[in-house]
Amino acid sequence: MVAKLAVWVVITVVAILALLLVLTALGGIIAGLLAPFLGSVPVSYNFRSIRERWTSTIVAVLGIAGTVGVFIAMLSLARGFRATLVSSGSEDNALITRAGATSEMTSGVALDAVKIIQDAPGIARDADGPMLTAEAVLMAPIPLRSTGTDANVQLRGVSPNVLAIRRSVKIIEGRMFQPGLSEVIVGKNARSTYTGLTLGNTIWLGSQRWQVVGTFDAGGSAFDSEVWGDPHLLNAAYPPRPETLSQSVTVRLASPAALQQFKDALTTDKRLNVDVTREIDYYSKQSTSMTRLITVLGGFVAGIMAIGAVFGALNTMYSAVAERGREIATMRALGFNSTSTINFQTFSNLAFAFKITFDLLLMGVFFALVMGVLGGMPPAIRAAGRPVATALREL
């Protein structure tokens with residue numbers, strides 16, 4: 001994850017520099033056309049100024065670009081995490097958990113409750129009966145390919161008809177596991193991330209040895225990182241779990257509109273104590289806490305970096321003002337007003353404050369503009385406010 005984040009930051013910074021060339025050229029053309037009407041500093045003078053002071057300009061560019069790159073990368077990570085979880089759900093499925101449970105791991109649905117649920121109205125049915133999968137959810141340590149250290153993998157005990165219920169999941173290698181046998185199928189991400197999960201291998205999970213008989217593709221959802229098998233055998237491999245205990249039940253609805261009928265039937269049944277949620281809504285809610293954590297952490301890190309970038313820009317611009325006092329005064333003596341001088345001084349920061357992203361482009365541009373203004377405006381105002389005669393007398 002860290003490596004992917006670092007690559008994304010580098011790509012973002014490079015993209016920013018490429019965008020700057022385009023924006024600078026377009027901005028130069030527009031400013032050059034408007035200069036005679038606005039009485040502003042010729043844009044060619046701005047470009048020559050940047051060329052003469054390219055080292056300080058590069059420092060400002062990299063500071064702002066790096067900060068925005070980290071900001072956008074963290075937000076993209078949060079949105080990617082949310083998208084992965086949300087894609088695990090379907091509008092056509094409903095998820096049943098114990099009332100009050102915050103996740104599948106803290107839930108429990110007994111076998112008697114499953115039998116009641118499968119007779120409820122609103123469930124889709126095929127030739128084999130109600131389209132329902134009662135699922136056991138566990139965690140198991142499996143060594144990572146990259147480091148060899150153990151990492152938790154989610155095990156999911158599913159019914160044999162799970163592929164008919166979760167239609168985005170496809171077997172891409174091998175076959176489906178056989179109920180009653182110690183066989184598992186693994187998500188494509190789990191296969192590439194953890195050791196021993198390739199087709200034909202055998203691994204220890206709990207107290208039993210399991211054979212990997214298939215690999216599935218869940219379309220980039222969280223299921224791609226899971227291991228699936230027979231729920232009764234998975235429970236038996238981790239005593240003292242009851243073999244018939246399920247953490248959740250997922251049903252295929254007769255139609256998306258059938259959710260309310262199905263929910264009302266279960267929540268009003270005195271024999272049950274369950275919550276019913278549309279599957280996509282459940283996974284969306286599950287992503288909220290982690291998304292908020294990543295966003296807050298990313299905002300904090302980017303904020304600290306932004307403060308450093310703004311102070312760096314302030315230092316650069318104040319130094320430029322000190323070196324160019326006579327030059328700025330000469331421009332004012334030639335007839336350019338204070339506003340034009342301020343625009344000239346802030347040009348270096350604002351022109352290089354843009355960045356390129358995908359869905360977060362506007363947010364990144366706004367963030368970069370704020371840093372550019374904060375770093376460039378104060379020294380520009382100071383430069384424009386100096387008396388012309390005093391500045392011209394300085395060496």
# chains A, B, ... in the order shown; residues from 1 in each chain; ligands from 1
call {"tool": "residues_around", "arguments": {"residues": "Pro256 (chain A)", "least_positions_apart": "5", "cutoff": "9 Å", "atoms": "only C-alpha atoms", "output": "PyMOL selection string"}}
result
chain A and resi 91-93+278
call {"tool": "atom_distance", "arguments": {"atom1": "CA of Asn152 (chain A)", "atom2": "CA of Thr277 (chain A)"}}
result
26.5 Å
call {"tool": "closest_residue", "arguments": {"among": "A:Val276, A:Val213, A:Leu234, A:Val169", "to": "Phe262 (chain A)", "atoms": "only C-alpha atoms"}}
result
A:Val276
call {"tool": "closest_residue", "arguments": {"among": "A:Leu132, A:Leu181, A:Ala218, A:Ala190", "to": "Leu144 (chain A)", "atoms": "only C-alpha atoms"}}
result
A:Ala190
call {"tool": "closest_residue", "arguments": {"among": "A:Pro179, A:Gly187, A:Gly148, A:Pro143", "to": "Gly219 (chain A)", "atoms": "only C-alpha atoms"}}
result
A:Gly187
call {"tool": "closest_residue", "arguments": {"among": "A:Ala113, A:Val158, A:Leu266, A:Ile185", "to": "Ile171 (chain A)", "atoms": "only C-alpha atoms"}}
result
A:Ile185
call {"tool": "atom_distance", "arguments": {"atom1": "CA of Ala99 (chain A)", "atom2": "CA of Arg271 (chain A)"}}
result
12.5 Å
call {"tool": "atom_distance", "arguments": {"atom1": "CA of Leu245 (chain A)", "atom2": "CA of Ser289 (chain A)"}}
result
27.2 Å
call {"tool": "closest_residue", "arguments": {"among": "A:Met74, A:Leu297, A:Ile142, A:Leu253", "to": "Arg125 (chain A)", "atoms": "only C-alpha atoms"}}
result
A:Leu253
call {"tool": "closest_residue", "arguments": {"among": "A:Phe71, A:Tyr282, A:Trp228, A:Tyr238", "to": "Thr250 (chain A)", "atoms": "only C-alpha atoms"}}
result
A:Tyr282
call {"tool": "select_by_dssp", "arguments": {"residues": "region 50-215 of chain A", "states": "alpha helix (DSSP H)", "output": "MDAnalysis selection string"}}
result
chainID A and resid 50:52 54:86 111:117 162:165 188:193
call {"tool": "residues_around", "arguments": {"residues": "Ile117 (chain A)", "least_positions_apart": "3", "cutoff": "10 Å", "atoms": "only C-alpha atoms", "output": "ChimeraX atom specification"}}
result
/A:96,111-114,120-121,123,130,132,249,251,262,265-266,269,272
call {"tool": "write_last_selection", "arguments": {"atoms": "C-alpha atoms", "output": "PDB file, in the first residue's frame"}}
result
ATOM      1  CA  ILE A  96     -29.319  -9.875   7.380  1.00  0.00           C
ATOM      2  CA  LEU A 111     -29.818 -21.995  12.056  1.00  0.00           C
ATOM      3  CA  ASP A 112     -33.428 -21.685  13.238  1.00  0.00           C
ATOM      4  CA  ALA A 113     -33.444 -18.037  12.164  1.00  0.00           C
ATOM      5  CA  VAL A 114     -32.054 -18.987   8.739  1.00  0.00           C
ATOM      6  CA  ALA A 120     -39.999 -14.787   3.902  1.00  0.00           C
ATOM      7  CA  PRO A 121     -41.698 -13.003   0.973  1.00  0.00           C
ATOM      8  CA  ILE A 123     -36.781 -13.599  -1.880  1.00  0.00           C
ATOM      9  CA  PRO A 130     -34.782 -19.785  -2.111  1.00  0.00           C
ATOM     10  CA  LEU A 132     -29.973 -17.500   0.036  1.00  0.00           C
ATOM     11  CA  VAL A 249     -27.330 -14.189   5.630  1.00  0.00           C
ATOM     12  CA  VAL A 251     -30.473 -13.203  -0.027  1.00  0.00           C
ATOM     13  CA  PHE A 262     -38.837  -8.506   2.851  1.00  0.00           C
ATOM     14  CA  ALA A 265     -41.651  -9.443   7.170  1.00  0.00           C
ATOM     15  CA  LEU A 266     -38.472 -10.114   9.161  1.00  0.00           C
ATOM     16  CA  ASP A 269     -41.567 -11.435  13.183  1.00  0.00           C
ATOM     17  CA  LEU A 272     -36.361 -12.970  14.944  1.00  0.00           C
TER      18      LEU A 272
END
call {"tool": "residues_around", "arguments": {"residues": "Thr97 (chain A)", "least_positions_apart": "6", "cutoff": "8 Å", "atoms": "only C-alpha atoms", "output": "JSON list (two decimals) with C-alpha atoms, in the first residue's frame"}}
result
[["chain", "number", "residue", "atom", "x", "y", "z"],
["A", 103, "SER", "CA", -20.46, -5.66, 11.27],
["A", 104, "GLU", "CA", -20.60, -9.27, 10.15],
["A", 107, "SER", "CA", -23.07, -10.68, 14.32],
["A", 108, "GLY", "CA", -24.56, -14.12, 14.73],
["A", 109, "VAL", "CA", -27.57, -15.74, 13.05],
["A", 247, "GLN", "CA", -22.47, -14.38, 10.94],
["A", 248, "SER", "CA", -24.83, -13.12, 8.25],
["A", 249, "VAL", "CA", -27.33, -14.19, 5.63],
["A", 274, "VAL", "CA", -32.31, -9.10, 13.06],
["A", 275, "ASP", "CA", -31.43, -6.04, 10.99],
["A", 276, "VAL", "CA", -32.08, -6.03, 7.25]]
call {"tool": "select_by_dssp", "arguments": {"residues": "region 81-227 of chain A", "states": "strand (DSSP E)", "output": "compact mmCIF listing (two decimals) with C-alpha atoms, in the first residue's frame"}}
result
# COMPACT_ATOMS: atom_id res chain seq x y z
CA ASN A 93 -29.25 -8.38 -2.54
CA ALA A 94 -30.22 -7.89 1.09
CA LEU A 95 -27.94 -8.65 4.05
CA ILE A 96 -29.32 -9.88 7.38
CA THR A 97 -27.33 -9.53 10.61
CA ARG A 98 -28.13 -9.75 14.30
CA ARG A 125 -36.31 -18.44 -6.03
CA ASP A 126 -34.91 -20.80 -8.62
CA GLY A 129 -35.40 -23.14 -3.86
CA PRO A 130 -34.78 -19.79 -2.11
CA LEU A 132 -29.97 -17.50 0.04
CA THR A 133 -26.47 -17.99 1.42
CA ALA A 134 -25.91 -18.28 5.18
CA GLU A 135 -22.29 -17.28 5.73
CA ALA A 136 -19.67 -17.83 8.42
CA VAL A 137 -17.02 -15.10 8.56
CA LEU A 138 -13.65 -15.71 10.25
CA MET A 139 -10.10 -14.39 10.23
CA ALA A 140 -7.01 -16.55 9.70
CA PRO A 141 -3.27 -15.72 9.58
CA ILE A 142 -1.54 -16.50 6.27
CA PRO A 143 2.04 -15.42 5.39
CA ASP A 150 1.57 -13.47 8.88
CA ALA A 151 -1.33 -11.22 7.94
CA ASN A 152 -5.02 -11.71 8.61
CA VAL A 153 -7.13 -13.01 5.73
CA GLN A 154 -10.92 -13.09 5.82
CA LEU A 155 -12.39 -16.57 5.46
CA ARG A 156 -15.99 -16.80 4.32
CA GLY A 157 -18.09 -19.92 4.53
CA LYS A 170 -16.78 -15.59 -11.55
CA ILE A 171 -14.52 -18.65 -11.35
CA ILE A 172 -11.50 -17.83 -13.54
CA GLU A 173 -9.33 -20.84 -12.71
CA GLY A 174 -10.14 -24.33 -11.47
CA GLU A 183 -11.71 -27.41 -0.33
CA VAL A 184 -11.49 -23.65 -0.81
CA ILE A 185 -11.56 -21.14 -3.62
CA VAL A 186 -9.52 -17.94 -3.33
CA GLY A 187 -9.93 -14.40 -4.63
CA THR A 202 -2.86 -27.35 0.30
CA ILE A 203 -2.83 -25.05 3.34
CA TRP A 204 -3.61 -25.32 7.03
CA LEU A 205 -6.58 -23.29 8.19
CA GLN A 208 -7.76 -28.80 9.10
CA ARG A 209 -5.80 -29.03 5.89
CA TRP A 210 -7.51 -27.52 2.84
CA GLN A 211 -6.92 -27.84 -0.87
CA VAL A 212 -7.16 -24.81 -3.17
CA VAL A 213 -9.37 -25.92 -6.07
CA GLY A 214 -10.26 -22.62 -7.72
CA THR A 215 -9.65 -18.90 -8.12
CA PHE A 216 -12.42 -16.35 -8.51
CA ASP A 217 -12.66 -12.77 -9.76
CA GLU A 226 -11.05 -13.49 0.67
CA VAL A 227 -10.94 -17.28 0.88
